[in-house]
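Structure below is data.pdb: PDB, C-alpha atoms.
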```pdb
ATOM      1  CA  SER M  16       0.000   0.000   0.000
ATOM      2  CA  ARG M  17       1.103   3.590  -0.447
ATOM      3  CA  GLU M  18       0.903   4.155   3.324
ATOM      4  CA  GLN M  19       3.425   1.350   3.835
ATOM      5  CA  GLY M  20       5.814   3.094   1.477
ATOM      6  CA  PHE M  21       5.378   6.396   3.318
ATOM      7  CA  LEU M  22       5.885   4.906   6.752
ATOM      8  CA  GLY M  23       8.856   2.927   5.516
ATOM      9  CA  ARG M  24      10.557   6.286   5.017
ATOM     10  CA  ILE M  25       9.885   7.636   8.514
ATOM     11  CA  GLY M  26      13.635   7.940   9.030
ATOM     12  CA  GLU M  27      13.776  10.328   6.067
ATOM     13  CA  ILE M  28      10.827  12.382   7.314
ATOM     14  CA  VAL M  29      11.864  12.898  10.930
ATOM     15  CA  PRO M  30      15.447  13.412  12.115
ATOM     16  CA  ARG M  31      16.910  11.148  14.794
ATOM     17  CA  MET M  32      15.527  12.038  18.180
ATOM     18  CA  ASP M  33      15.313  10.213  21.497
ATOM     19  CA  CYS M  34      12.021  10.031  23.362
ATOM     20  CA  PRO M  35      12.373  11.357  26.904
ATOM     21  CA  GLY M  36      10.961   9.450  29.847
ATOM     22  CA  ILE M  37      10.839   6.015  28.185
ATOM     23  CA  GLU M  38      12.346   2.954  29.813
ATOM     24  CA  GLU M  39      15.111   1.260  27.810
ATOM     25  CA  ASP M  40      13.602  -2.236  28.157
ATOM     26  CA  ASN M  41      10.298  -1.153  26.586
ATOM     27  CA  GLN M  42      11.493   0.612  23.473
ATOM     28  CA  GLU M  43      13.115  -0.171  20.175
ATOM     29  CA  ARG M  44      14.547   1.821  17.314
ATOM     30  CA  ARG M  45      12.785   2.070  13.988
ATOM     31  CA  ASN M  46      14.398   3.996  11.175
ATOM     32  CA  GLY M  47      16.693   5.765  13.644
ATOM     33  CA  MET M  48      13.897   6.869  16.014
ATOM     34  CA  LYS M  49      13.387   5.503  19.482
ATOM     35  CA  MET M  50       9.928   3.938  19.812
ATOM     36  CA  ARG M  51       7.918   2.924  22.846
ATOM     37  CA  MET M  52       6.067  -0.347  22.283
ATOM     38  CA  THR M  53       2.646  -0.593  23.891
ATOM     39  CA  GLN M  54      -0.659  -2.348  23.312
ATOM     40  CA  LEU M  55      -3.522  -0.414  21.773
ATOM     41  CA  LYS M  56      -5.741  -0.989  24.835
ATOM     42  CA  THR M  57      -3.351   1.107  26.956
ATOM     43  CA  ILE M  58      -3.608   4.182  24.726
ATOM     44  CA  ALA M  59      -7.185   4.080  23.414
ATOM     45  CA  ASP M  60     -10.774   3.265  24.308
ATOM     46  CA  ILE M  61     -12.234   0.547  22.057
ATOM     47  CA  GLN M  62     -15.994   0.245  21.600
ATOM     48  CA  THR M  63     -18.116  -2.277  19.666
ATOM     49  CA  GLY M  64     -21.057  -0.872  17.719
ATOM     50  CA  PRO M  65     -24.687  -1.422  18.786
ATOM     51  CA  PHE M  66     -25.984  -4.990  18.744
ATOM     52  CA  GLY M  67     -28.723  -5.934  16.311
ATOM     53  CA  SER M  68     -31.265  -5.938  19.104
ATOM     54  CA  GLN M  69     -30.518  -2.251  19.737
ATOM     55  CA  LEU M  70     -30.859  -1.050  16.164
ATOM     56  CA  HIS M  71     -32.782  -2.705  13.333
ATOM     57  CA  LYS M  72     -32.808  -1.920   9.612
ATOM     58  CA  GLU M  73     -36.430  -0.866   9.919
ATOM     59  CA  ASP M  74     -35.242   1.877  12.303
ATOM     60  CA  TYR M  75     -33.391   3.634   9.470
ATOM     61  CA  VAL M  76     -34.886   6.888   8.205
ATOM     62  CA  GLU M  77     -34.452   9.031   5.088
ATOM     63  CA  THR M  78     -33.343  12.136   6.959
ATOM     64  CA  GLY M  79     -31.226  11.865  10.072
ATOM     65  CA  THR M  80     -27.704  11.143  11.368
ATOM     66  CA  PRO M  81     -25.571   8.947   9.054
ATOM     67  CA  ILE M  82     -24.420   5.625  10.460
ATOM     68  CA  VAL M  83     -21.180   4.136   9.121
ATOM     69  CA  THR M  84     -21.080   0.458   8.152
ATOM     70  CA  VAL M  85     -18.262  -1.787   6.916
ATOM     71  CA  GLU M  86     -18.860  -0.849   3.271
ATOM     72  CA  HIS M  87     -17.964   2.779   4.008
ATOM     73  CA  LEU M  88     -14.475   1.964   5.343
ATOM     74  CA  GLY M  89     -11.105   1.483   3.669
ATOM     75  CA  ASN M  90      -9.938   4.966   2.743
ATOM     76  CA  ARG M  91      -8.766   7.735   5.044
ATOM     77  CA  VAL M  92     -12.272   9.222   5.007
ATOM     78  CA  PHE M  93     -15.577   7.400   4.720
ATOM     79  CA  THR M  94     -17.231   6.785   1.408
ATOM     80  CA  GLU M  95     -20.742   8.202   1.525
ATOM     81  CA  GLN M  96     -22.742   6.057  -0.883
ATOM     82  CA  ASN M  97     -25.873   4.375   0.468
ATOM     83  CA  LEU M  98     -25.481   5.695   3.990
ATOM     84  CA  PRO M  99     -28.177   4.506   6.387
ATOM     85  CA  ARG M 100     -29.489   7.166   8.785
ATOM     86  CA  VAL M 101     -31.056   7.150  12.214
ATOM     87  CA  SER M 102     -33.565   9.490  13.824
ATOM     88  CA  ASP M 103     -32.695  12.014  16.517
ATOM     89  CA  SER M 104     -34.493   9.887  19.113
ATOM     90  CA  ASP M 105     -32.467   6.788  18.186
ATOM     91  CA  LYS M 106     -29.251   8.810  18.212
ATOM     92  CA  ALA M 107     -30.041  10.035  21.721
ATOM     93  CA  ARG M 108     -30.836   6.475  22.805
ATOM     94  CA  LEU M 109     -27.569   5.191  21.346
ATOM     95  CA  ILE M 110     -25.398   8.177  22.234
ATOM     96  CA  LYS M 111     -22.396   5.992  23.223
ATOM     97  CA  TYR M 112     -22.076   4.989  19.558
ATOM     98  CA  THR M 113     -21.562   8.567  18.347
ATOM     99  CA  LEU M 114     -18.267   9.335  16.609
ATOM    100  CA  SER M 115     -15.946  12.208  17.448
ATOM    101  CA  SER M 116     -13.248  13.839  15.353
ATOM    102  CA  GLY M 117     -10.034  11.829  15.780
ATOM    103  CA  ASP M 118     -11.745   8.459  16.222
ATOM    104  CA  ILE M 119     -10.743   5.529  14.013
ATOM    105  CA  VAL M 120     -13.393   3.084  12.822
ATOM    106  CA  PHE M 121     -12.532  -0.543  12.028
ATOM    107  CA  SER M 122     -14.373  -3.346  10.302
ATOM    108  CA  ARG M 123     -15.291  -5.937  12.937
ATOM    109  CA  VAL M 124     -16.126  -8.696  10.430
ATOM    110  CA  GLY M 125     -14.898  -9.680   6.988
ATOM    111  CA  SER M 126     -12.072  -7.369   5.895
ATOM    112  CA  VAL M 127     -10.923  -6.778   9.472
ATOM    113  CA  ASP M 128      -7.850  -4.799   8.405
ATOM    114  CA  ARG M 129      -9.949  -1.960   6.957
ATOM    115  CA  CYS M 130     -10.261   1.306   8.839
ATOM    116  CA  SER M 131     -11.078   4.977   8.310
ATOM    117  CA  TYR M 132     -10.303   8.190  10.160
ATOM    118  CA  VAL M 133     -13.042  10.439  11.521
ATOM    119  CA  ASP M 134     -12.373  14.030  10.476
ATOM    120  CA  LYS M 135     -14.243  17.148  11.575
ATOM    121  CA  SER M 136     -16.793  16.870   8.771
ATOM    122  CA  HIS M 137     -17.927  13.479  10.117
ATOM    123  CA  ASP M 138     -17.995  14.430  13.795
ATOM    124  CA  GLY M 139     -21.306  13.351  15.313
ATOM    125  CA  TRP M 140     -21.943  10.491  12.896
ATOM    126  CA  MET M 141     -22.582   7.008  14.285
ATOM    127  CA  PHE M 142     -21.151   3.532  13.646
ATOM    128  CA  SER M 143     -22.896   0.202  13.193
ATOM    129  CA  GLY M 144     -22.620  -3.076  15.060
ATOM    130  CA  ARG M 145     -20.308  -4.470  12.386
ATOM    131  CA  CYS M 146     -17.680  -1.876  13.328
ATOM    132  CA  LEU M 147     -15.302  -1.088  16.185
ATOM    133  CA  ARG M 148     -14.509   2.453  17.283
ATOM    134  CA  VAL M 149     -11.023   3.341  18.579
ATOM    135  CA  ARG M 150     -10.708   6.619  20.504
ATOM    136  CA  PRO M 151      -7.053   7.449  21.335
ATOM    137  CA  THR M 152      -6.072   9.200  24.555
ATOM    138  CA  GLU M 153      -4.416  12.606  24.586
ATOM    139  CA  LEU M 154      -1.023  10.837  24.698
ATOM    140  CA  VAL M 155      -1.419   9.736  21.075
ATOM    141  CA  ASP M 156      -1.852  11.626  17.822
ATOM    142  CA  SER M 157      -4.903   9.953  16.316
ATOM    143  CA  LEU M 158      -3.828  10.527  12.708
ATOM    144  CA  TYR M 159      -0.446   8.914  13.424
ATOM    145  CA  LEU M 160      -2.308   5.941  14.881
ATOM    146  CA  TYR M 161      -4.479   5.705  11.761
ATOM    147  CA  TYR M 162      -1.421   5.618   9.510
ATOM    148  CA  TYR M 163       0.204   3.038  11.767
ATOM    149  CA  PHE M 164      -2.784   0.766  11.107
ATOM    150  CA  CYS M 165      -2.266   1.357   7.380
ATOM    151  CA  LEU M 166       1.125  -0.362   7.561
ATOM    152  CA  GLU M 167       0.980  -3.684   5.747
ATOM    153  CA  GLU M 168       2.663  -5.425   8.696
ATOM    154  CA  THR M 169      -0.028  -4.081  11.044
ATOM    155  CA  LYS M 170      -2.792  -5.089   8.635
ATOM    156  CA  GLN M 171      -1.321  -8.582   8.419
ATOM    157  CA  PHE M 172      -1.146  -8.835  12.208
ATOM    158  CA  VAL M 173      -4.824  -7.905  12.504
ATOM    159  CA  ARG M 174      -5.758 -10.455   9.851
ATOM    160  CA  ASN M 175      -3.769 -13.115  11.694
ATOM    161  CA  ILE M 176      -5.466 -12.571  15.056
ATOM    162  CA  ALA M 177      -8.972 -12.643  13.571
ATOM    163  CA  VAL M 178     -11.116 -15.639  14.463
ATOM    164  CA  GLY M 179     -13.506 -17.558  12.206
ATOM    165  CA  ALA M 180     -12.665 -19.547   9.070
ATOM    166  CA  THR M 181     -15.495 -18.497   6.761
ATOM    167  CA  MET M 182     -16.054 -14.972   8.127
ATOM    168  CA  PRO M 183     -13.040 -13.499   9.968
ATOM    169  CA  SER M 184     -13.935 -11.285  12.924
ATOM    170  CA  ILE M 185     -12.208  -9.330  15.668
ATOM    171  CA  ASN M 186     -13.416  -7.928  18.976
ATOM    172  CA  THR M 187     -12.312  -5.280  21.443
ATOM    173  CA  LYS M 188     -10.003  -7.698  23.283
ATOM    174  CA  LEU M 189      -8.207  -8.874  20.153
ATOM    175  CA  LEU M 190      -7.808  -5.394  18.696
ATOM    176  CA  GLY M 191      -6.623  -4.104  22.053
ATOM    177  CA  GLU M 192      -3.685  -6.500  21.976
ATOM    178  CA  VAL M 193      -2.194  -5.024  18.795
ATOM    179  CA  GLU M 194       1.301  -3.685  19.525
ATOM    180  CA  ILE M 195       1.824  -0.028  18.639
ATOM    181  CA  ALA M 196       5.210   1.634  18.125
ATOM    182  CA  LEU M 197       5.063   5.188  19.469
ATOM    183  CA  PRO M 198       7.672   7.903  19.115
ATOM    184  CA  ASP M 199       7.231  10.977  21.306
ATOM    185  CA  LEU M 200       4.083  13.021  20.652
ATOM    186  CA  ASN M 201       5.861  15.758  18.700
ATOM    187  CA  ASN M 202       7.290  13.214  16.278
ATOM    188  CA  GLN M 203       3.902  11.518  15.985
ATOM    189  CA  LYS M 204       2.395  14.830  14.900
ATOM    190  CA  ARG M 205       5.225  15.549  12.461
ATOM    191  CA  ILE M 206       4.947  12.113  10.850
ATOM    192  CA  ALA M 207       1.160  12.378  10.592
ATOM    193  CA  ALA M 208       1.369  15.864   9.068
ATOM    194  CA  VAL M 209       3.737  14.698   6.322
ATOM    195  CA  LEU M 210       1.703  11.592   5.493
ATOM    196  CA  SER M 211      -1.553  13.541   5.544
ATOM    197  CA  SER M 212      -0.100  16.145   3.184
ATOM    198  CA  LEU M 213       0.973  13.397   0.781
ATOM    199  CA  ASP M 214      -2.493  11.849   0.973
ATOM    200  CA  ASP M 215      -4.060  15.253   0.241
ATOM    201  CA  LYS M 216      -1.912  15.658  -2.868
ATOM    202  CA  ILE M 217      -2.833  12.180  -4.100
ATOM    203  CA  GLU M 218      -6.533  12.829  -3.529
ATOM    204  CA  ASN M 219      -6.372  16.212  -5.264
ATOM    205  CA  ASN M 220      -4.571  14.683  -8.259
ATOM    206  CA  GLN M 221      -7.176  11.928  -8.430
ATOM    207  CA  LYS M 222      -9.995  14.490  -8.399
ATOM    208  CA  LEU M 223      -8.259  16.433 -11.161
ATOM    209  CA  ASN M 224      -7.866  13.278 -13.260
ATOM    210  CA  ASP M 225     -11.521  12.370 -12.675
ATOM    211  CA  ASN M 226     -12.617  15.849 -13.800
ATOM    212  CA  LEU M 227     -10.486  15.634 -16.929
ATOM    213  CA  ALA M 228     -11.903  12.208 -17.751
ATOM    214  CA  ALA M 229     -15.492  13.357 -17.260
TER
END
```
Would you kindly transcribe this structure into C-alpha cells?
Amino acid sequence: SREQGFLGRIGEIVPRMDCPGIEEDNQERRNGMKMRMTQLKTIADIQTGPFGSQLHKEDYVETGTPIVTVEHLGNRVFTEQNLPRVSDSDKARLIKYTLSSGDIVFSRVGSVDRCSYVDKSHDGWMFSGRCLRVRPTELVDSLYLYYYFCLEETKQFVRNIAVGATMPSINTKLLGEVEIALPDLNNQKRIAAVLSSLDDKIENNQKLNDNLAA
C-alpha cells in the first residue's frame, strides 16, 4: 500500500531524536527513532457498535444522522454512498455509539484490516454493530495511529489474530492487543502531518484526473 511506502521512510521524514521518559527495556529503534512499544488498549478506548437488538434496519430513516457500516471503510475518510441514517431519538438512545473527530473506525467482520479516520466533517456520525470504534487518549496523535494501522505489517497482524474460518472477525479484546510503536508526541504529529499532506496531494490529483476524464 502507499501508506506502507510512506511509513517505511519515517527515518527520512523525521530526524533522529530520542524520546524522553521512556524505559530502555520497553522501546526499540525504527528507522533511527526511538519507539515505545505498547498495546492499543493502553492508549485508546475501544468500543463495539450497537448490537442488532438495539438497532434494526427498519429503524433507518431518510433524513437523520448517518451511520457508518463496513462498506464505508477502507480509505482515510468514509465513502458516503448508500449511507443509512437514524432518527434524533435513536441517536439520543444510542449516544455511546456517536463518533468524534479523531476516532478511528474498524471493520469488525470480513475485511478486518480496513479502517477509516473520523475528520471534523464526520464528527457526530454514528457507527454500526459491524464496526469497532477506537478513541485514542491525549497521549497519542490519532492521525499517526491511523497511519500506523495502514502499515501492511499491522494489517497482516490484525488479519492473523482474527477468528472464524469463513467470516473473519475481531473484537475489542483482540484489537486491544495489537502492539503499537510510538515515538514521542511531537514526532507523531510531524509524521502524521507529512503523510496527511501526501495523501491530500494524491486525492487532489485523483480528483483532477476524474474531472479531466469526465
Go ahead and fit an axis-aligned box to every listed atom of region 71-87 of chain M plus 8 Å each side, and pass me the centre and edge lengths in Å, one decimal, as AutoDock Vina command-line options.
```
--center_x -27.2 --center_y 4.7 --center_z 8.3 --size_x 34.5 --size_y 30.8 --size_z 26.1
```
Near Gly139 (chain M), counting only C-alpha atoms, which residues have an atom at most 6 Å away, once you skip same-chain residues fewer than 2 positions from it, shown as an mmCIF file with C-alpha atoms, keeping the file's coordinate frame?
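The resulting part_38.cif:
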```cif
data_model
loop_
_atom_site.group_PDB
_atom_site.id
_atom_site.type_symbol
_atom_site.label_atom_id
_atom_site.label_comp_id
_atom_site.auth_asym_id
_atom_site.auth_seq_id
_atom_site.Cartn_x
_atom_site.Cartn_y
_atom_site.Cartn_z
ATOM 1 C CA THR M 113 -21.562 8.567 18.347
ATOM 2 C CA LEU M 114 -18.267 9.335 16.609
ATOM 3 C CA SER M 115 -15.946 12.208 17.448
#
```
Practice problem: Check which residues satisfy the PyMOL selection byres ((chain M and resi 86) around 10) in the file shown, then give them as a ChimeraX atom specification. | Solution: /M:83-85,87-89,93-98,122,126,129,145
Quiz item: If you measure from CA of Ile195 (chain M) to CA of Ala177 (chain M), what distance in Å do you get, rounded to one decimal?
Solution: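 Interatomic distance here is 17.4 Å.
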Practice problem: Pick out the closest residue to Leu147 (chain M) from this set: M:Ile61, M:Gly191, M:Asp118, M:His71. Count all atoms listed in the file. | Solution: M:Ile61
Quiz item: CA of Asp156 (chain M) to CA of Phe142 (chain M): how many Å, to one decimal?
Solution: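 Computing the Euclidean distance for CA of Asp156 (chain M) and CA of Phe142 (chain M) yields 21.3 Å.
In this model, the gap between CA of Leu189 (chain M) and CA of Tyr161 (chain M) comes to 17.2 Å.
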Exercise. Report as a list in words the full result of the PyMOL selection byres ((chain M and resi 198) around 8) when it is applied to this structure.
Key: Cys34, Met48, Lys49, Met50, Arg51, Ala196, Leu197, Asp199, Leu200, Asn202 and Gln203 of chain M
Quiz prompt | Residue neighbourhood Ser116 (chain M), 8 Å, all atoms listed in the file, exclusion window fewer than 6 positions, as a list in words | solution =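 Near neighbours after the sequence-gap exclusion: Val133, Asp134, Lys135, His137 and Asp138 of chain M.
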Quiz item: With distances taken over all atoms listed in the file, which of M:Ile217, M:Val209, M:Leu166, M:Met182 is nearest to Arg123 (chain M)?
Solution: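 Answer, going by the shortest atom-to-atom distance: M:Met182.
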Quiz prompt | Best match for closeness to Tyr112 (chain M) among M:Thr78, M:Ser68, M:Thr53, M:Ser143, counting all atoms listed in the file | solution =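 Under the stated criterion, the closest residue is M:Ser143.
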Practice problem: I need the residue set behind the PyMOL selection byres ((chain M and resi 58) around 9) for this file; please write it as a list in words. | Solution: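 Matching residues under the PyMOL selection byres ((chain M and resi 58) around 9) are Thr53, Gln54, Leu55, Lys56, Thr57, Ala59, Asp60, Arg150, Pro151, Thr152, Glu153, Leu154 and Val155 of chain M.
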Please rebuild region 133-155 of chain M with N, CA, C and O atoms and give the result as a PDB file, in the coordinates of the input.
```pdb
ATOM      1  N   VAL M 133     -11.910   9.520  11.377  1.00  0.00           N
ATOM      2  CA  VAL M 133     -13.042  10.439  11.521  1.00  0.00           C
ATOM      3  C   VAL M 133     -12.517  11.879  11.554  1.00  0.00           C
ATOM      4  O   VAL M 133     -11.864  12.290  12.519  1.00  0.00           O
ATOM      5  N   ASP M 134     -12.793  12.633  10.497  1.00  0.00           N
ATOM      6  CA  ASP M 134     -12.373  14.030  10.476  1.00  0.00           C
ATOM      7  C   ASP M 134     -13.505  14.919  10.996  1.00  0.00           C
ATOM      8  O   ASP M 134     -14.567  14.436  11.382  1.00  0.00           O
ATOM      9  N   LYS M 135     -13.271  16.220  10.989  1.00  0.00           N
ATOM     10  CA  LYS M 135     -14.243  17.148  11.575  1.00  0.00           C
ATOM     11  C   LYS M 135     -15.579  17.124  10.847  1.00  0.00           C
ATOM     12  O   LYS M 135     -16.633  17.334  11.453  1.00  0.00           O
ATOM     13  N   SER M 136     -15.548  16.857   9.538  1.00  0.00           N
ATOM     14  CA  SER M 136     -16.793  16.870   8.771  1.00  0.00           C
ATOM     15  C   SER M 136     -17.688  15.673   9.096  1.00  0.00           C
ATOM     16  O   SER M 136     -18.864  15.668   8.736  1.00  0.00           O
ATOM     17  N   HIS M 137     -17.138  14.659   9.761  1.00  0.00           N
ATOM     18  CA  HIS M 137     -17.927  13.479  10.117  1.00  0.00           C
ATOM     19  C   HIS M 137     -18.139  13.361  11.629  1.00  0.00           C
ATOM     20  O   HIS M 137     -18.640  12.339  12.109  1.00  0.00           O
ATOM     21  N   ASP M 138     -17.764  14.391  12.349  1.00  0.00           N
ATOM     22  CA  ASP M 138     -17.995  14.430  13.795  1.00  0.00           C
ATOM     23  C   ASP M 138     -19.503  14.359  14.073  1.00  0.00           C
ATOM     24  O   ASP M 138     -20.289  15.061  13.422  1.00  0.00           O
ATOM     25  N   GLY M 139     -19.894  13.474  14.984  1.00  0.00           N
ATOM     26  CA  GLY M 139     -21.306  13.351  15.313  1.00  0.00           C
ATOM     27  C   GLY M 139     -22.026  12.256  14.556  1.00  0.00           C
ATOM     28  O   GLY M 139     -23.189  11.960  14.851  1.00  0.00           O
ATOM     29  N   TRP M 140     -21.365  11.646  13.567  1.00  0.00           N
ATOM     30  CA  TRP M 140     -21.943  10.491  12.896  1.00  0.00           C
ATOM     31  C   TRP M 140     -21.961   9.309  13.867  1.00  0.00           C
ATOM     32  O   TRP M 140     -21.432   9.407  14.981  1.00  0.00           O
ATOM     33  N   MET M 141     -22.519   8.190  13.429  1.00  0.00           N
ATOM     34  CA  MET M 141     -22.582   7.008  14.285  1.00  0.00           C
ATOM     35  C   MET M 141     -21.958   5.823  13.546  1.00  0.00           C
ATOM     36  O   MET M 141     -21.657   5.915  12.352  1.00  0.00           O
ATOM     37  N   PHE M 142     -21.726   4.717  14.279  1.00  0.00           N
ATOM     38  CA  PHE M 142     -21.151   3.532  13.646  1.00  0.00           C
ATOM     39  C   PHE M 142     -21.986   2.306  13.993  1.00  0.00           C
ATOM     40  O   PHE M 142     -22.604   2.235  15.055  1.00  0.00           O
ATOM     41  N   SER M 143     -22.006   1.352  13.078  1.00  0.00           N
ATOM     42  CA  SER M 143     -22.896   0.202  13.193  1.00  0.00           C
ATOM     43  C   SER M 143     -22.279  -0.920  14.019  1.00  0.00           C
ATOM     44  O   SER M 143     -21.097  -0.881  14.392  1.00  0.00           O
ATOM     45  N   GLY M 144     -23.064  -1.939  14.261  1.00  0.00           N
ATOM     46  CA  GLY M 144     -22.620  -3.076  15.060  1.00  0.00           C
ATOM     47  C   GLY M 144     -21.571  -3.930  14.383  1.00  0.00           C
ATOM     48  O   GLY M 144     -20.950  -4.777  15.038  1.00  0.00           O
ATOM     49  N   ARG M 145     -21.341  -3.728  13.097  1.00  0.00           N
ATOM     50  CA  ARG M 145     -20.308  -4.470  12.386  1.00  0.00           C
ATOM     51  C   ARG M 145     -18.972  -3.735  12.406  1.00  0.00           C
ATOM     52  O   ARG M 145     -18.041  -4.106  11.694  1.00  0.00           O
ATOM     53  N   CYS M 146     -18.895  -2.688  13.230  1.00  0.00           N
ATOM     54  CA  CYS M 146     -17.680  -1.876  13.328  1.00  0.00           C
ATOM     55  C   CYS M 146     -17.173  -1.799  14.770  1.00  0.00           C
ATOM     56  O   CYS M 146     -17.906  -2.059  15.720  1.00  0.00           O
ATOM     57  N   LEU M 147     -15.916  -1.406  14.899  1.00  0.00           N
ATOM     58  CA  LEU M 147     -15.302  -1.088  16.185  1.00  0.00           C
ATOM     59  C   LEU M 147     -14.805   0.349  16.122  1.00  0.00           C
ATOM     60  O   LEU M 147     -14.258   0.774  15.107  1.00  0.00           O
ATOM     61  N   ARG M 148     -14.992   1.073  17.217  1.00  0.00           N
ATOM     62  CA  ARG M 148     -14.509   2.453  17.283  1.00  0.00           C
ATOM     63  C   ARG M 148     -13.322   2.540  18.241  1.00  0.00           C
ATOM     64  O   ARG M 148     -13.403   2.087  19.373  1.00  0.00           O
ATOM     65  N   VAL M 149     -12.220   3.118  17.761  1.00  0.00           N
ATOM     66  CA  VAL M 149     -11.023   3.341  18.579  1.00  0.00           C
ATOM     67  C   VAL M 149     -10.894   4.832  18.842  1.00  0.00           C
ATOM     68  O   VAL M 149     -10.878   5.631  17.901  1.00  0.00           O
ATOM     69  N   ARG M 150     -10.828   5.208  20.119  1.00  0.00           N
ATOM     70  CA  ARG M 150     -10.708   6.619  20.504  1.00  0.00           C
ATOM     71  C   ARG M 150      -9.412   6.797  21.293  1.00  0.00           C
ATOM     72  O   ARG M 150      -9.342   6.468  22.482  1.00  0.00           O
ATOM     73  N   PRO M 151      -8.348   7.313  20.667  1.00  0.00           N
ATOM     74  CA  PRO M 151      -7.053   7.449  21.335  1.00  0.00           C
ATOM     75  C   PRO M 151      -7.095   8.452  22.491  1.00  0.00           C
ATOM     76  O   PRO M 151      -7.896   9.393  22.486  1.00  0.00           O
ATOM     77  N   THR M 152      -6.220   8.253  23.460  1.00  0.00           N
ATOM     78  CA  THR M 152      -6.072   9.200  24.555  1.00  0.00           C
ATOM     79  C   THR M 152      -5.280  10.417  24.072  1.00  0.00           C
ATOM     80  O   THR M 152      -4.782  10.443  22.937  1.00  0.00           O
ATOM     81  N   GLU M 153      -5.147  11.391  24.950  1.00  0.00           N
ATOM     82  CA  GLU M 153      -4.416  12.606  24.586  1.00  0.00           C
ATOM     83  C   GLU M 153      -2.914  12.356  24.437  1.00  0.00           C
ATOM     84  O   GLU M 153      -2.175  13.236  23.971  1.00  0.00           O
ATOM     85  N   LEU M 154      -2.439  11.168  24.814  1.00  0.00           N
ATOM     86  CA  LEU M 154      -1.023  10.837  24.698  1.00  0.00           C
ATOM     87  C   LEU M 154      -0.644  10.412  23.280  1.00  0.00           C
ATOM     88  O   LEU M 154       0.540  10.221  22.985  1.00  0.00           O
ATOM     89  N   VAL M 155      -1.651  10.261  22.418  1.00  0.00           N
ATOM     90  CA  VAL M 155      -1.419   9.736  21.075  1.00  0.00           C
ATOM     91  C   VAL M 155      -2.022  10.666  20.037  1.00  0.00           C
ATOM     92  O   VAL M 155      -3.135  11.173  20.214  1.00  0.00           O
TER      93      VAL M 155
END
```
